[in-house]
>>> print(open('input.txt').read())   # compact mmCIF, C-alpha atoms and all ligand atoms
# COMPACT_ATOMS: atom_id res chain seq x y z
CA MET T 30 112.03 107.98 109.70
CA PRO T 31 109.92 105.24 108.12
CA SER T 32 106.24 104.99 109.08
CA GLU T 33 103.96 102.26 110.36
CA THR T 34 100.57 103.60 109.26
CA GLU T 35 98.88 105.12 106.22
CA THR T 36 96.90 107.95 107.85
CA ARG T 37 97.69 111.27 106.16
CA PRO T 38 96.03 114.48 107.32
CA PRO T 39 96.50 117.38 104.84
CA ALA T 40 98.60 119.55 107.18
CA LEU T 41 101.59 119.84 104.84
CA PRO T 42 101.92 121.78 101.58
CA ALA T 43 100.61 119.65 98.70
CA GLY T 44 101.49 119.36 95.03
CA GLY T 45 105.19 118.63 95.51
CA ARG T 46 107.42 116.50 93.36
CA VAL T 47 108.94 113.27 94.66
CA ARG T 48 112.73 113.65 94.76
CA VAL T 49 115.54 111.12 94.96
CA MET T 50 116.53 110.28 98.56
CA THR T 51 120.01 111.37 99.60
CA ARG T 52 121.84 108.62 101.48
CA TRP T 53 124.16 108.53 104.46
CA GLY T 54 127.67 109.29 103.26
CA ALA T 55 126.68 112.36 101.21
CA PRO T 56 128.51 115.34 102.80
CA VAL T 57 125.29 117.38 103.33
CA MET T 58 124.00 114.63 105.66
CA HIS T 59 126.94 114.93 108.02
CA ARG T 60 127.32 118.66 108.66
CA PRO T 61 125.05 121.30 110.21
CA GLN T 62 122.81 122.93 107.63
CA GLN T 63 122.20 126.60 106.83
CA GLN T 64 119.56 128.45 108.84
CA VAL T 65 116.42 129.42 106.91
CA THR T 66 116.28 133.22 106.53
CA VAL T 67 114.00 133.70 103.51
CA PHE T 68 110.36 132.59 103.79
CA ASP T 69 109.12 132.69 100.23
CA ASP T 70 107.33 130.56 97.61
CA GLU T 71 110.54 128.71 96.89
CA LEU T 72 110.72 127.53 100.51
CA ARG T 73 107.08 126.42 100.34
CA GLU T 74 107.82 124.47 97.15
CA LEU T 75 110.77 122.80 98.82
CA ALA T 76 108.55 121.81 101.77
CA ALA T 77 105.95 120.42 99.33
CA ASP T 78 108.65 118.34 97.59
CA MET T 79 109.85 117.10 100.98
CA ALA T 80 106.31 116.08 101.97
CA ALA T 81 105.75 114.31 98.63
CA THR T 82 109.06 112.48 99.02
CA MET T 83 108.34 111.51 102.64
CA TYR T 84 104.94 110.06 101.71
CA ALA T 85 106.30 108.25 98.63
CA ALA T 86 108.95 106.68 100.87
CA ASP T 87 106.29 105.80 103.47
CA GLY T 88 108.08 107.88 106.10
CA VAL T 89 106.99 109.89 109.14
CA GLY T 90 109.62 112.63 108.87
CA LEU T 91 112.09 114.05 106.37
CA ALA T 92 114.81 116.69 106.56
CA ALA T 93 115.82 118.94 103.64
CA CYS T 94 119.30 117.37 103.56
CA GLN T 95 117.61 114.08 102.70
CA ILE T 96 116.78 115.49 99.30
CA GLY T 97 120.20 117.09 99.09
CA VAL T 98 119.27 120.62 100.19
CA ASP T 99 121.49 122.43 102.70
CA LEU T 100 118.75 124.11 104.75
CA ALA T 101 117.65 123.60 108.37
CA MET T 102 114.07 122.51 107.71
CA PHE T 103 112.14 119.30 108.25
CA VAL T 104 108.61 118.05 107.62
CA PHE T 105 106.83 115.37 109.64
CA ASP T 106 103.54 113.51 109.84
CA CYS T 107 103.79 111.12 112.73
CA PRO T 108 101.59 109.44 115.36
CA ASP T 109 102.19 109.98 119.08
CA ALA T 110 101.84 107.27 121.74
CA ALA T 111 98.03 107.53 121.57
CA GLY T 112 98.05 107.13 117.77
CA GLU T 113 97.16 110.78 117.18
CA HIS T 114 98.84 112.09 114.02
CA VAL T 115 100.66 115.40 114.20
CA ALA T 116 102.04 116.98 111.02
CA GLY T 117 104.01 120.14 110.37
CA VAL T 118 107.01 121.99 108.98
CA VAL T 119 109.80 123.26 111.24
CA CYS T 120 112.59 125.62 110.19
CA ASN T 121 115.61 126.29 112.42
CA PRO T 122 114.47 123.84 115.12
CA VAL T 123 115.68 123.83 118.70
CA LEU T 124 115.10 120.65 120.67
CA VAL T 125 114.08 120.64 124.33
CA LEU T 126 114.35 117.31 126.17
CA PRO T 127 113.23 116.38 129.69
CA GLU T 128 115.89 116.44 132.36
CA GLY T 129 116.30 114.99 135.84
CA LYS T 130 113.43 112.86 137.11
CA ASP T 131 111.33 113.63 134.02
CA ARG T 132 113.89 112.00 131.75
CA HIS T 133 112.97 108.44 130.74
CA LEU T 134 114.61 106.58 127.88
CA ASP T 135 112.63 104.64 125.30
CA ASP T 136 114.75 101.95 123.65
CA GLY T 137 112.48 101.55 120.63
CA GLU T 138 113.28 100.69 117.02
CA GLU T 139 114.49 103.41 114.71
CA GLY T 140 115.19 103.64 111.01
CA CYS T 141 116.15 106.35 108.53
CA LEU T 142 114.94 106.92 104.97
CA SER T 143 118.52 107.79 104.04
CA PHE T 144 119.66 104.31 105.12
CA PRO T 145 116.54 102.41 104.07
CA GLY T 146 115.37 98.92 104.88
CA ALA T 147 117.00 98.66 108.30
CA PHE T 148 115.93 99.19 111.90
CA VAL T 149 117.69 98.81 115.23
CA ASN T 150 116.88 99.95 118.75
CA CYS T 151 118.09 103.41 119.72
CA ALA T 152 117.58 104.79 123.24
CA ARG T 153 116.13 108.30 123.35
CA PRO T 154 114.06 110.34 125.80
CA ASP T 155 110.37 109.37 125.53
CA GLN T 156 109.22 113.00 125.39
CA ALA T 157 110.44 115.80 123.17
CA GLU T 158 109.62 119.36 122.27
CA VAL T 159 110.76 121.32 119.24
CA THR T 160 110.49 125.05 118.75
CA GLY T 161 111.31 126.90 115.55
CA VAL T 162 109.50 128.78 112.83
CA GLY T 163 107.04 127.69 110.17
CA LEU T 164 106.92 128.43 106.45
CA ASP T 165 105.58 131.93 107.18
CA GLY T 166 108.44 132.72 109.57
CA GLU T 167 106.10 132.66 112.58
CA PRO T 168 107.04 130.67 115.72
CA VAL T 169 105.92 127.04 115.93
CA ARG T 170 106.12 124.52 118.74
CA TYR T 171 105.50 120.77 118.61
CA ALA T 172 105.73 118.38 121.53
CA GLY T 173 104.85 114.76 122.02
CA ASP T 174 105.59 111.25 123.13
CA GLY T 175 105.81 107.83 121.50
CA LEU T 176 107.04 107.71 117.90
CA LEU T 177 106.46 111.47 117.62
CA ALA T 178 109.06 112.15 120.35
CA ARG T 179 111.53 109.91 118.51
CA CYS T 180 110.73 111.56 115.17
CA LEU T 181 111.21 115.14 116.45
CA GLN T 182 114.61 114.14 117.87
CA HIS T 183 115.66 112.18 114.77
CA GLU T 184 114.77 114.99 112.34
CA THR T 185 116.34 117.74 114.46
CA ASP T 186 119.48 115.57 114.62
CA HIS T 187 119.60 115.57 110.81
CA LEU T 188 119.75 119.37 110.73
CA TYR T 189 122.82 119.25 112.95
CA GLY T 190 124.49 116.67 110.70
CA THR T 191 123.85 113.74 113.03
CA VAL T 192 122.34 110.46 111.82
CA PHE T 193 121.00 107.87 114.22
CA GLY T 194 123.84 105.53 113.24
CA ASP T 195 126.04 107.98 115.17
CA ARG T 196 123.99 107.30 118.32
CA ILE T 197 124.21 103.50 118.48
CA SER T 198 126.95 101.03 119.42
CA ALA T 199 129.41 99.67 116.86
CA LYS T 200 127.72 96.29 117.22
CA ALA T 201 124.26 97.72 116.52
CA ARG T 202 125.70 99.65 113.59
CA LYS T 203 126.98 96.39 112.10
CA ARG T 204 123.51 94.83 112.43
CA LEU T 205 122.00 97.91 110.82
CA GLN T 206 124.45 97.76 107.91
CA LYS T 207 123.69 94.07 107.35
CA ALA T 208 119.93 94.64 107.25
CA HIS T 209 120.39 97.63 104.94
CA ASP T 210 122.62 95.64 102.55
CA LYS T 211 120.13 92.79 102.49
CA ALA T 212 117.25 95.15 101.65
CA SER T 213 119.19 97.19 99.07
CA PRO T 214 117.57 95.58 95.98
CA ASP T 215 114.27 97.13 97.16
CA TYR T 216 115.83 100.61 97.27
CA PRO T 217 117.46 101.44 93.91
CA ALA T 218 119.50 104.64 93.53
CA ASP T 219 116.48 106.61 92.26
CA TRP T 220 114.26 105.57 95.20
CA PRO T 221 111.57 106.69 95.96
CA THR T 222 110.94 108.46 92.64
CA GLY T 223 109.87 105.19 91.02
CA VAL T 224 107.50 104.18 93.84
CA THR T 225 103.86 103.74 92.85
CA GLU T 226 100.87 102.93 95.02
CA SER T 227 100.67 99.45 93.47
CA ARG T 228 104.27 98.64 94.38
CA ARG T 229 103.72 99.60 98.01
CA THR T 230 100.72 97.28 98.47
NI NI T 301 116.53 110.03 109.02
>>> encode(input="input.txt", output="structure tokens")
Amino acid sequence: MPSETETRPPALPAGGRVRVMTRWGAPVMHRPQQQVTVFDDELRELAADMAATMYAADGVGLAACQIGVDLAMFVFDCPDAAGEHVAGVVCNPVLVLPEGKDRHLDDGEEGCLSFPGAFVNCARPDQAEVTGVGLDGEPVRYAGDGLLARCLQHETDHLYGTVFGDRISAKARKRLQKAHDKASPDYPADWPTGVTESRRT
């Protein structure tokens, strides 16, 4: 998901390489990805590349499939409703959403770095929790509201092969496509590898 702020706490592995963003339509984006079973330096390097790519693209979350890797892992650095940034890495995530009277939908705007330059509203529960394991294979749990709740749901969706375009009406999808097409000159095929600080400002 694209971000709205520039605050970046150092909670993610650093030193990664910015990779080319995989777009909707690539097969890896539309099928469930492999579970992570090996927690080694290679996985840490992948997470560092994902973080570097997410920041270069000015995003708040990025799944491994978005740099073409078939592994159930995402990174995020996203503010909650109070503006508090939470950042982390989740492998093999399981999403828990409120049910019954605790379930309230937030019809806020959503976008995806793999379909850049376009946003439409997408109704999702306003609270979300994700459990999984971190880079060391130990259990992790993240929960939150606001954009963080949306981000945790959006990124977990990616690992199951679902993009948010699958969750909106045909009419909204058309609007999304139009906005994306209009913005496409800003997002060349090698984006965001060519992004520099000066271009973003
Ligand atoms: Ni996305």
>>> atom_distance(input="input.txt", atom1="CA of Met30 in chain T", atom2="CA of Thr160 in chain T")
19.4 Å
>>> closest_residue(input="input.txt", among="T:Ala43, T:Val115, T:Met58, T:Ala85", to="Leu176 in chain T", atoms="all atoms listed in the file")
T:Val115
>>> closest_residue(input="input.txt", among="T:Pro154, T:Gly54, T:Gly88, T:Pro217", to="ligand NI 301 (chain T)", atoms="only C-alpha atoms and all ligand atoms")
T:Gly88
>>> residues_near_point(input="input.txt", point="(108.7, 124.2, 108.5)", cutoff="7 Å", atoms="all atoms listed in the file", output="PyMOL selection string")
chain T and resi 102-104+117-120+162-164
>>> closest_residue(input="input.txt", among="T:Ala80, T:Leu124, T:Val169, T:Val57", to="Asp106 in chain T", atoms="all atoms listed in the file")
T:Ala80
